[in-house]
file data30.cif (mmCIF, C-alpha atoms)
data_protein
#
loop_
_atom_site.group_PDB
_atom_site.id
_atom_site.type_symbol
_atom_site.label_atom_id
_atom_site.label_comp_id
_atom_site.auth_asym_id
_atom_site.auth_seq_id
_atom_site.Cartn_x
_atom_site.Cartn_y
_atom_site.Cartn_z
ATOM 1 C CA MET A 1 0.000 0.000 0.000
ATOM 2 C CA ASP A 2 2.875 2.425 0.756
ATOM 3 C CA ILE A 3 4.369 1.965 -2.714
ATOM 4 C CA GLU A 4 0.939 2.404 -4.299
ATOM 5 C CA LEU A 5 0.288 5.556 -2.273
ATOM 6 C CA ASN A 6 3.657 6.927 -3.342
ATOM 7 C CA LYS A 7 2.904 6.345 -7.018
ATOM 8 C CA LEU A 8 -0.659 7.579 -6.704
ATOM 9 C CA THR A 9 0.473 10.785 -5.000
ATOM 10 C CA LEU A 10 2.925 11.561 -7.784
ATOM 11 C CA ALA A 11 0.196 10.902 -10.356
ATOM 12 C CA VAL A 12 -2.105 13.313 -8.504
ATOM 13 C CA CYS A 13 0.680 15.910 -8.579
ATOM 14 C CA GLU A 14 0.530 15.738 -12.378
ATOM 15 C CA VAL A 15 -3.248 16.182 -12.304
ATOM 16 C CA ALA A 16 -2.882 19.238 -10.066
ATOM 17 C CA ARG A 17 -0.186 20.688 -12.337
ATOM 18 C CA GLN A 18 -2.397 20.219 -15.403
ATOM 19 C CA ALA A 19 -5.280 22.009 -13.689
ATOM 20 C CA GLY A 20 -2.882 24.730 -12.582
ATOM 21 C CA ALA A 21 -1.638 25.206 -16.141
ATOM 22 C CA PHE A 22 -5.242 25.664 -17.278
ATOM 23 C CA ILE A 23 -5.884 28.235 -14.534
ATOM 24 C CA ARG A 24 -2.664 30.090 -15.347
ATOM 25 C CA GLN A 25 -3.598 30.264 -19.021
ATOM 26 C CA GLU A 26 -7.135 31.481 -18.306
ATOM 27 C CA ARG A 27 -5.838 34.195 -15.979
ATOM 28 C CA GLN A 28 -4.207 35.899 -18.998
ATOM 29 C CA HIS A 29 -7.572 36.816 -20.516
ATOM 30 C CA PHE A 30 -9.950 36.426 -17.584
ATOM 31 C CA SER A 31 -12.953 38.755 -17.621
ATOM 32 C CA ALA A 32 -14.533 40.081 -14.427
ATOM 33 C CA GLU A 33 -17.906 39.934 -16.169
ATOM 34 C CA ARG A 34 -17.811 36.146 -15.806
ATOM 35 C CA ILE A 35 -17.623 36.192 -11.997
ATOM 36 C CA GLU A 36 -20.547 34.753 -10.048
ATOM 37 C CA HIS A 37 -21.440 35.326 -6.378
ATOM 38 C CA LYS A 38 -22.089 32.197 -4.315
ATOM 39 C CA HIS A 39 -22.517 34.212 -1.110
ATOM 40 C CA SER A 40 -21.541 37.686 0.018
ATOM 41 C CA HIS A 41 -17.871 38.197 -1.001
ATOM 42 C CA ASP A 42 -17.641 34.496 -1.981
ATOM 43 C CA TYR A 43 -16.927 34.221 -5.683
ATOM 44 C CA VAL A 44 -16.823 31.536 -8.344
ATOM 45 C CA SER A 45 -16.138 31.615 -12.071
ATOM 46 C CA TYR A 46 -16.039 29.338 -15.068
ATOM 47 C CA VAL A 47 -12.347 28.799 -14.271
ATOM 48 C CA ASP A 48 -13.192 27.123 -10.934
ATOM 49 C CA LYS A 49 -15.839 24.972 -12.580
ATOM 50 C CA GLN A 50 -13.795 23.889 -15.594
ATOM 51 C CA SER A 51 -10.739 23.217 -13.430
ATOM 52 C CA GLU A 52 -12.886 20.968 -11.243
ATOM 53 C CA GLN A 53 -14.222 19.075 -14.264
ATOM 54 C CA LEU A 54 -10.678 18.520 -15.515
ATOM 55 C CA ILE A 55 -9.546 17.243 -12.109
ATOM 56 C CA VAL A 56 -12.544 14.973 -11.558
ATOM 57 C CA SER A 57 -12.137 13.400 -14.983
ATOM 58 C CA ALA A 58 -8.446 12.688 -14.399
ATOM 59 C CA LEU A 59 -8.954 11.327 -10.875
ATOM 60 C CA ARG A 60 -11.691 8.986 -12.078
ATOM 61 C CA GLN A 61 -9.159 7.407 -14.389
ATOM 62 C CA LEU A 62 -6.739 6.902 -11.499
ATOM 63 C CA LEU A 63 -9.315 5.451 -9.063
ATOM 64 C CA PRO A 64 -12.657 4.641 -10.713
ATOM 65 C CA GLU A 65 -14.045 3.280 -7.427
ATOM 66 C CA ALA A 66 -13.624 6.521 -5.444
ATOM 67 C CA GLY A 67 -16.303 9.103 -4.727
ATOM 68 C CA PHE A 68 -15.880 12.864 -4.559
ATOM 69 C CA ILE A 69 -16.387 15.858 -2.302
ATOM 70 C CA THR A 70 -15.840 18.909 -4.502
ATOM 71 C CA GLU A 71 -16.294 22.604 -3.829
ATOM 72 C CA GLU A 72 -18.313 23.275 -6.970
ATOM 73 C CA GLY A 73 -20.381 20.079 -6.748
ATOM 74 C CA SER A 74 -19.540 18.537 -10.119
ATOM 75 C CA ALA A 75 -19.209 15.056 -8.541
ATOM 76 C CA GLN A 76 -20.593 13.358 -5.444
ATOM 77 C CA HIS A 77 -19.701 10.943 -2.664
ATOM 78 C CA THR A 78 -22.248 8.295 -1.696
ATOM 79 C CA ASP A 79 -21.057 5.142 0.070
ATOM 80 C CA GLU A 80 -17.629 4.702 -1.535
ATOM 81 C CA THR A 81 -14.816 3.621 0.781
ATOM 82 C CA LEU A 82 -12.407 6.055 -0.868
ATOM 83 C CA CYS A 83 -13.230 9.703 -1.469
ATOM 84 C CA TRP A 84 -11.387 12.484 -3.282
ATOM 85 C CA VAL A 85 -11.701 15.943 -1.710
ATOM 86 C CA VAL A 86 -11.096 18.625 -4.334
ATOM 87 C CA ASP A 87 -10.729 22.381 -4.329
ATOM 88 C CA PRO A 88 -10.194 23.301 -7.993
ATOM 89 C CA LEU A 89 -9.086 26.859 -7.182
ATOM 90 C CA ASP A 90 -8.363 27.758 -3.572
ATOM 91 C CA GLY A 91 -8.014 31.519 -3.363
ATOM 92 C CA THR A 92 -10.552 32.561 -5.999
ATOM 93 C CA THR A 93 -10.657 36.135 -4.675
ATOM 94 C CA ASN A 94 -6.866 36.301 -5.021
ATOM 95 C CA PHE A 95 -7.124 34.899 -8.548
ATOM 96 C CA ILE A 96 -9.704 37.496 -9.551
ATOM 97 C CA HIS A 97 -7.461 40.298 -8.270
ATOM 98 C CA ARG A 98 -4.235 38.867 -9.729
ATOM 99 C CA PHE A 99 -2.958 38.557 -6.175
ATOM 100 C CA PRO A 100 -0.947 35.442 -5.244
ATOM 101 C CA PRO A 101 -1.195 32.847 -3.885
ATOM 102 C CA TYR A 102 -3.907 30.606 -5.295
ATOM 103 C CA ALA A 103 -3.800 26.869 -5.666
ATOM 104 C CA VAL A 104 -5.259 23.513 -6.601
ATOM 105 C CA SER A 105 -5.866 21.218 -3.631
ATOM 106 C CA ILE A 106 -6.571 17.462 -3.819
ATOM 107 C CA ALA A 107 -6.782 14.920 -0.984
ATOM 108 C CA LEU A 108 -7.794 11.263 -0.801
ATOM 109 C CA LEU A 109 -9.719 9.985 2.209
ATOM 110 C CA ARG A 110 -10.588 6.543 3.486
ATOM 111 C CA GLY A 111 -13.336 7.262 5.977
ATOM 112 C CA THR A 112 -11.884 10.047 8.123
ATOM 113 C CA GLU A 113 -8.301 8.980 7.370
ATOM 114 C CA ILE A 114 -6.334 11.206 4.991
ATOM 115 C CA LEU A 115 -4.265 8.982 2.700
ATOM 116 C CA LEU A 116 -2.616 11.608 0.512
ATOM 117 C CA GLY A 117 -2.623 15.328 -0.111
ATOM 118 C CA VAL A 118 -1.429 17.492 -2.998
ATOM 119 C CA VAL A 119 -1.432 21.301 -3.208
ATOM 120 C CA TYR A 120 -0.132 23.021 -6.316
ATOM 121 C CA GLU A 121 0.655 26.719 -5.898
ATOM 122 C CA ILE A 122 0.070 28.122 -9.350
ATOM 123 C CA CYS A 123 1.881 31.470 -9.215
ATOM 124 C CA ALA A 124 5.095 30.106 -7.697
ATOM 125 C CA ASP A 125 4.900 26.810 -9.630
ATOM 126 C CA GLU A 126 5.412 24.793 -6.440
ATOM 127 C CA CYS A 127 3.843 21.393 -5.806
ATOM 128 C CA PHE A 128 3.493 20.373 -2.153
ATOM 129 C CA TYR A 129 2.542 16.775 -1.439
ATOM 130 C CA ALA A 130 2.468 14.025 1.153
ATOM 131 C CA TRP A 131 1.178 10.515 1.603
ATOM 132 C CA GLN A 132 0.398 8.781 4.851
ATOM 133 C CA GLY A 133 3.626 7.702 6.532
ATOM 134 C CA GLY A 134 5.759 8.883 3.643
ATOM 135 C CA GLY A 135 6.775 12.373 4.688
ATOM 136 C CA ALA A 136 6.002 15.706 3.051
ATOM 137 C CA TYR A 137 7.700 17.312 0.068
ATOM 138 C CA VAL A 138 7.762 20.301 -2.229
ATOM 139 C CA ASP A 139 8.938 19.378 -5.723
ATOM 140 C CA GLY A 140 10.916 16.441 -4.357
ATOM 141 C CA THR A 141 12.543 18.297 -1.453
ATOM 142 C CA PRO A 142 11.551 17.071 2.049
ATOM 143 C CA LEU A 143 9.600 19.511 4.199
ATOM 144 C CA ALA A 144 9.966 20.162 7.935
ATOM 145 C CA VAL A 145 8.075 22.599 10.117
ATOM 146 C CA GLY A 146 9.888 25.493 11.780
ATOM 147 C CA CYS A 147 11.161 25.666 15.346
ATOM 148 C CA HIS A 148 10.230 29.182 16.458
ATOM 149 C CA ALA A 149 8.780 29.939 19.862
ATOM 150 C CA LEU A 150 5.835 32.338 19.948
ATOM 151 C CA THR A 151 7.897 35.520 20.302
ATOM 152 C CA ASP A 152 9.626 34.782 16.983
ATOM 153 C CA ALA A 153 6.680 33.084 15.261
ATOM 154 C CA LEU A 154 5.009 34.228 12.050
ATOM 155 C CA LEU A 155 1.282 33.509 12.371
ATOM 156 C CA CYS A 156 -1.517 33.373 9.823
ATOM 157 C CA PHE A 157 -5.095 34.145 10.844
ATOM 158 C CA GLN A 158 -7.367 34.051 7.817
ATOM 159 C CA LEU A 159 -10.661 35.917 7.459
ATOM 160 C CA PRO A 160 -13.413 33.540 6.232
ATOM 161 C CA TYR A 161 -16.463 34.693 4.290
ATOM 162 C CA ASN A 162 -18.740 34.294 7.315
ATOM 163 C CA SER A 163 -17.765 37.716 8.600
ATOM 164 C CA ALA A 164 -20.843 38.235 10.768
ATOM 165 C CA ALA A 165 -20.034 35.191 12.900
ATOM 166 C CA TYR A 166 -16.229 35.316 12.854
ATOM 167 C CA SER A 167 -15.383 39.019 12.931
ATOM 168 C CA PRO A 168 -15.396 39.277 16.752
ATOM 169 C CA VAL A 169 -13.190 36.178 17.017
ATOM 170 C CA ALA A 170 -10.750 37.408 14.370
ATOM 171 C CA GLN A 171 -10.417 40.818 15.971
ATOM 172 C CA ARG A 172 -9.729 39.338 19.408
ATOM 173 C CA LEU A 173 -7.242 36.785 18.023
ATOM 174 C CA ILE A 174 -5.289 39.483 16.245
ATOM 175 C CA ALA A 175 -5.421 41.751 19.292
ATOM 176 C CA HIS A 176 -4.210 38.910 21.521
ATOM 177 C CA PHE A 177 -1.220 37.879 19.385
ATOM 178 C CA TYR A 178 -0.258 41.243 17.868
ATOM 179 C CA GLY A 179 2.899 42.206 19.746
ATOM 180 C CA ARG A 180 3.293 38.753 21.291
ATOM 181 C CA ALA A 181 4.362 37.061 18.037
ATOM 182 C CA ALA A 182 6.856 38.258 15.433
ATOM 183 C CA SER A 183 4.015 39.198 13.083
ATOM 184 C CA ILE A 184 0.677 38.146 11.604
ATOM 185 C CA ARG A 185 -0.201 37.508 7.961
ATOM 186 C CA MET A 186 -3.289 36.724 5.859
ATOM 187 C CA LEU A 187 -2.738 34.831 2.598
ATOM 188 C CA GLY A 188 -6.226 34.283 1.193
ATOM 189 C CA SER A 189 -5.640 30.564 0.619
ATOM 190 C CA ALA A 190 -6.103 28.006 3.395
ATOM 191 C CA ALA A 191 -4.343 25.309 1.399
ATOM 192 C CA ILE A 192 -1.230 27.425 0.904
ATOM 193 C CA ALA A 193 -1.194 28.661 4.497
ATOM 194 C CA LEU A 194 -1.067 25.042 5.635
ATOM 195 C CA CYS A 195 1.716 24.212 3.176
ATOM 196 C CA TYR A 196 3.698 27.209 4.376
ATOM 197 C CA VAL A 197 3.418 25.902 7.951
ATOM 198 C CA ALA A 198 4.737 22.560 6.684
ATOM 199 C CA ALA A 199 7.629 24.345 4.965
ATOM 200 C CA GLY A 200 8.516 26.470 8.009
ATOM 201 C CA ARG A 201 7.566 29.691 6.212
ATOM 202 C CA LEU A 202 4.746 30.177 8.714
ATOM 203 C CA ASP A 203 4.726 28.851 12.267
ATOM 204 C CA ALA A 204 0.965 28.536 12.655
ATOM 205 C CA TYR A 205 -2.355 28.982 10.889
ATOM 206 C CA ALA A 206 -5.936 29.045 12.178
ATOM 207 C CA GLU A 207 -9.282 29.519 10.466
ATOM 208 C CA LYS A 208 -12.951 28.675 10.968
ATOM 209 C CA TYR A 209 -15.947 28.395 8.610
ATOM 210 C CA ILE A 210 -13.969 26.687 5.861
ATOM 211 C CA GLY A 211 -14.799 23.637 3.748
ATOM 212 C CA GLN A 212 -13.152 20.233 3.810
ATOM 213 C CA TRP A 213 -11.708 20.952 0.360
ATOM 214 C CA ASP A 214 -9.891 23.995 1.775
ATOM 215 C CA TYR A 215 -7.813 22.197 4.387
ATOM 216 C CA MET A 216 -7.779 18.428 3.836
ATOM 217 C CA ALA A 217 -4.668 18.090 1.667
ATOM 218 C CA GLY A 218 -2.713 20.735 3.535
ATOM 219 C CA ALA A 219 -3.504 19.206 6.920
ATOM 220 C CA LEU A 220 -1.810 15.940 5.953
ATOM 221 C CA ILE A 221 1.173 17.824 4.538
ATOM 222 C CA VAL A 222 1.629 19.636 7.864
ATOM 223 C CA SER A 223 1.328 16.397 9.857
ATOM 224 C CA GLU A 224 3.816 14.571 7.644
ATOM 225 C CA ALA A 225 6.232 17.523 7.953
ATOM 226 C CA GLY A 226 6.254 17.071 11.727
ATOM 227 C CA GLY A 227 3.642 19.662 12.664
ATOM 228 C CA THR A 228 0.470 19.478 14.731
ATOM 229 C CA VAL A 229 -3.067 19.803 13.346
ATOM 230 C CA THR A 230 -6.256 19.939 15.425
ATOM 231 C CA ASN A 231 -9.628 21.615 15.397
ATOM 232 C CA TYR A 232 -10.382 24.634 17.608
ATOM 233 C CA GLU A 233 -11.304 22.318 20.485
ATOM 234 C CA GLY A 234 -7.912 20.600 20.306
ATOM 235 C CA SER A 235 -9.101 17.312 18.789
ATOM 236 C CA GLN A 236 -7.125 15.583 16.055
ATOM 237 C CA GLN A 237 -10.454 14.293 14.697
ATOM 238 C CA PHE A 238 -10.971 17.384 12.561
ATOM 239 C CA THR A 239 -11.785 16.028 9.104
ATOM 240 C CA GLN A 240 -15.565 16.406 9.439
ATOM 241 C CA GLY A 241 -15.461 19.930 10.847
ATOM 242 C CA ASN A 242 -15.121 23.479 9.539
ATOM 243 C CA ASN A 243 -12.149 24.731 11.554
ATOM 244 C CA VAL A 244 -8.427 23.968 11.730
ATOM 245 C CA VAL A 245 -5.409 24.975 13.776
ATOM 246 C CA ALA A 246 -2.020 23.945 12.387
ATOM 247 C CA SER A 247 1.372 24.746 13.842
ATOM 248 C CA ASN A 248 4.993 23.760 14.234
ATOM 249 C CA GLY A 249 3.879 21.963 17.405
ATOM 250 C CA ILE A 250 5.953 24.148 19.715
ATOM 251 C CA ILE A 251 3.341 26.901 19.983
ATOM 252 C CA HIS A 252 0.221 24.790 19.478
ATOM 253 C CA GLN A 253 -0.934 24.768 23.086
ATOM 254 C CA GLU A 254 -0.573 28.540 23.388
ATOM 255 C CA LEU A 255 -2.647 28.980 20.241
ATOM 256 C CA LEU A 256 -5.353 26.622 21.461
ATOM 257 C CA GLU A 257 -5.592 28.288 24.851
ATOM 258 C CA ALA A 258 -6.100 31.691 23.238
ATOM 259 C CA ILE A 259 -8.573 30.395 20.664
ATOM 260 C CA GLN A 260 -10.598 28.519 23.260
ATOM 261 C CA SER A 261 -10.730 31.481 25.639
ATOM 262 C CA ILE A 262 -12.033 33.631 22.791
ATOM 263 C CA CYS A 263 -14.366 31.184 21.035
ATOM 264 C CA PHE A 264 -15.904 29.186 23.863
#
call {"tool": "encode", "arguments": {"input": "data30.cif", "output": "structure tokens"}}
result
Amino acid sequence: MDIELNKLTLAVCEVARQAGAFIRQERQHFSAERIEHKHSHDYVSYVDKQSEQLIVSALRQLLPEAGFITEEGSAQHTDETLCWVVDPLDGTTNFIHRFPPYAVSIALLRGTEILLGVVYEICADECFYAWQGGGAYVDGTPLAVGCHALTDALLCFQLPYNSAAYSPVAQRLIAHFYGRAASIRMLGSAAIALCYVAAGRLDAYAEKYIGQWDYMAGALIVSEAGGTVTNYEGSQQFTQGNNVVASNGIIHQELLEAIQSICF
């Protein structure tokens, strides 16, 4: 199974790169008139939808027996043992504004167990990937989380679309850590934020009100790079939820204590 997962992960990397090439090409002549609103400040376009169709078609050839959870709903999961979780364009708002990063994210689940994860960052042409028990990599180079304590840590607190519910939490999180950590960033892509934690470029990331397709691949990449991933309550059983905390492990407890004092 390990050898098969290895080969399958590398095949999925090629699928993600192909979708990324399509997105990169479409960005050259993308028209704002073709943007649709799913919810307030939550956008989708034909690029998201066609990227998803391309990915689903390719993944079906790799594993015909697997179901799908996809952001744009072009394929479904019923009772299949294996399930692909696909975000065809994570960071659509960034894409629309020509503001990096944005990415393709693909994970494979067996129940609640993440078997593999691939995130292709389109602007930087970087492919992050991991398979269960096999470590984490970017373009063949092994990844390892950073080793900063909180005072030197670079944190990422994203702002989800559910602003009415999360705005008070976000403001208090930023107020709590601003001045305690080295600095705070917002990337606009959950998948890339997680990969940057895995690569040691960020020391932690937290966000709520996100979809499984946003975080599933990146969560495995962080874990395989030696980091810690939980939900806001501190449980490692996070794959069915809508919130994630990922870190280098060193500062995880401090993050959780702050998040829990603010959220609960």
call {"tool": "residues_around", "arguments": {"input": "data30.cif", "residues": "Glu65 (chain A)", "least_positions_apart": "2", "cutoff": "8 Å", "atoms": "all atoms listed in the file", "output": "VMD selection string"}}
result
chain A and resid 60 63 67 80 82
call {"tool": "atom_distance", "arguments": {"input": "data30.cif", "atom1": "CA of Leu10 (chain A)", "atom2": "CA of Asp48 (chain A)"}}
result
22.6 Å
call {"tool": "closest_residue", "arguments": {"input": "data30.cif", "among": "A:Ala153, A:Val12, A:Ile122, A:Ala206", "to": "Asn94 (chain A)", "atoms": "only C-alpha atoms"}}
result
A:Ile122
call {"tool": "residues_near_point", "arguments": {"input": "data30.cif", "point": "(1.8, 12.6, 6.9)", "cutoff": "9 Å", "atoms": "all atoms listed in the file", "output": "VMD selection string"}}
result
chain A and resid 114 to 117 130 to 136 219 to 226
call {"tool": "residues_around", "arguments": {"input": "data30.cif", "residues": "Tyr120 (chain A)", "least_positions_apart": "3", "cutoff": "9 Å", "atoms": "all atoms listed in the file", "output": "list in words"}}
result
Cys13, Ala16, Arg17, Gly20, Tyr102, Ala103, Val104, Ser105, Ile106, Ala124, Asp125, Glu126, Cys127, Phe128, Tyr129 and Ile192 of chain A
call {"tool": "residues_around", "arguments": {"input": "data30.cif", "residues": "Phe177 (chain A)", "least_positions_apart": "4", "cutoff": "10 Å", "atoms": "only C-alpha atoms", "output": "ChimeraX atom specification"}}
result
/A:150-151,155,172-173,181-184,255,258
call {"tool": "write_last_selection", "arguments": {"input": "data30.cif", "atoms": "C-alpha atoms", "output": "compact mmCIF listing (two decimals), in the frame of the given file"}}
result
# COMPACT_ATOMS: atom_id res chain seq x y z
CA LEU A 150 5.84 32.34 19.95
CA THR A 151 7.90 35.52 20.30
CA LEU A 155 1.28 33.51 12.37
CA ARG A 172 -9.73 39.34 19.41
CA LEU A 173 -7.24 36.78 18.02
CA ALA A 181 4.36 37.06 18.04
CA ALA A 182 6.86 38.26 15.43
CA SER A 183 4.01 39.20 13.08
CA ILE A 184 0.68 38.15 11.60
CA LEU A 255 -2.65 28.98 20.24
CA ALA A 258 -6.10 31.69 23.24
call {"tool": "decode", "arguments": {"input": "data30.cif", "residues": "region 49-64 of chain A", "atoms": "N, CA, C and O atoms", "output": "CSV table (one decimal), in the first residue's frame"}}
result
chain,number,residue,atom,x,y,z
A,49,LYS,N,-15.0,26.1,-12.2
A,49,LYS,CA,-15.8,25.0,-12.6
A,49,LYS,C,-15.1,24.1,-13.6
A,49,LYS,O,-15.2,22.8,-13.5
A,50,GLN,N,-14.5,24.7,-14.6
A,50,GLN,CA,-13.8,23.9,-15.6
A,50,GLN,C,-12.5,23.2,-15.0
A,50,GLN,O,-12.2,22.1,-15.4
A,51,SER,N,-11.9,23.9,-14.1
A,51,SER,CA,-10.7,23.2,-13.4
A,51,SER,C,-11.2,22.0,-12.7
A,51,SER,O,-10.6,20.9,-12.7
A,52,GLU,N,-12.3,22.1,-12.0
A,52,GLU,CA,-12.9,21.0,-11.2
A,52,GLU,C,-13.3,19.8,-12.2
A,52,GLU,O,-13.0,18.7,-11.9
A,53,GLN,N,-13.9,20.1,-13.3
A,53,GLN,CA,-14.2,19.1,-14.3
A,53,GLN,C,-13.0,18.4,-14.8
A,53,GLN,O,-13.0,17.1,-14.9
A,54,LEU,N,-11.9,19.1,-15.1
A,54,LEU,CA,-10.7,18.5,-15.5
A,54,LEU,C,-10.1,17.6,-14.5
A,54,LEU,O,-9.7,16.4,-14.8
A,55,ILE,N,-10.1,18.0,-13.2
A,55,ILE,CA,-9.5,17.2,-12.1
A,55,ILE,C,-10.4,16.0,-11.9
A,55,ILE,O,-9.8,14.9,-11.7
A,56,VAL,N,-11.7,16.1,-11.8
A,56,VAL,CA,-12.5,15.0,-11.6
A,56,VAL,C,-12.4,13.9,-12.6
A,56,VAL,O,-12.3,12.7,-12.3
A,57,SER,N,-12.3,14.3,-13.9
A,57,SER,CA,-12.1,13.4,-15.0
A,57,SER,C,-10.8,12.6,-14.9
A,57,SER,O,-10.8,11.4,-15.0
A,58,ALA,N,-9.8,13.3,-14.5
A,58,ALA,CA,-8.4,12.7,-14.4
A,58,ALA,C,-8.4,11.8,-13.2
A,58,ALA,O,-7.8,10.7,-13.3
A,59,LEU,N,-9.0,12.2,-12.1
A,59,LEU,CA,-9.0,11.3,-10.9
A,59,LEU,C,-9.8,10.1,-11.1
A,59,LEU,O,-9.5,9.0,-10.5
A,60,ARG,N,-10.9,10.2,-11.8
A,60,ARG,CA,-11.7,9.0,-12.1
A,60,ARG,C,-10.9,7.9,-12.8
A,60,ARG,O,-11.1,6.7,-12.7
A,61,GLN,N,-10.0,8.4,-13.7
A,61,GLN,CA,-9.2,7.4,-14.4
A,61,GLN,C,-8.2,6.7,-13.5
A,61,GLN,O,-7.8,5.6,-13.6
A,62,LEU,N,-7.7,7.5,-12.4
A,62,LEU,CA,-6.7,6.9,-11.5
A,62,LEU,C,-7.4,5.9,-10.5
A,62,LEU,O,-6.8,4.9,-10.2
A,63,LEU,N,-8.6,6.3,-10.0
A,63,LEU,CA,-9.3,5.5,-9.1
A,63,LEU,C,-10.8,5.5,-9.4
A,63,LEU,O,-11.6,6.3,-8.8
A,64,PRO,N,-11.2,4.6,-10.3
A,64,PRO,CA,-12.7,4.6,-10.7
A,64,PRO,C,-13.6,4.4,-9.6
A,64,PRO,O,-14.8,4.8,-9.6
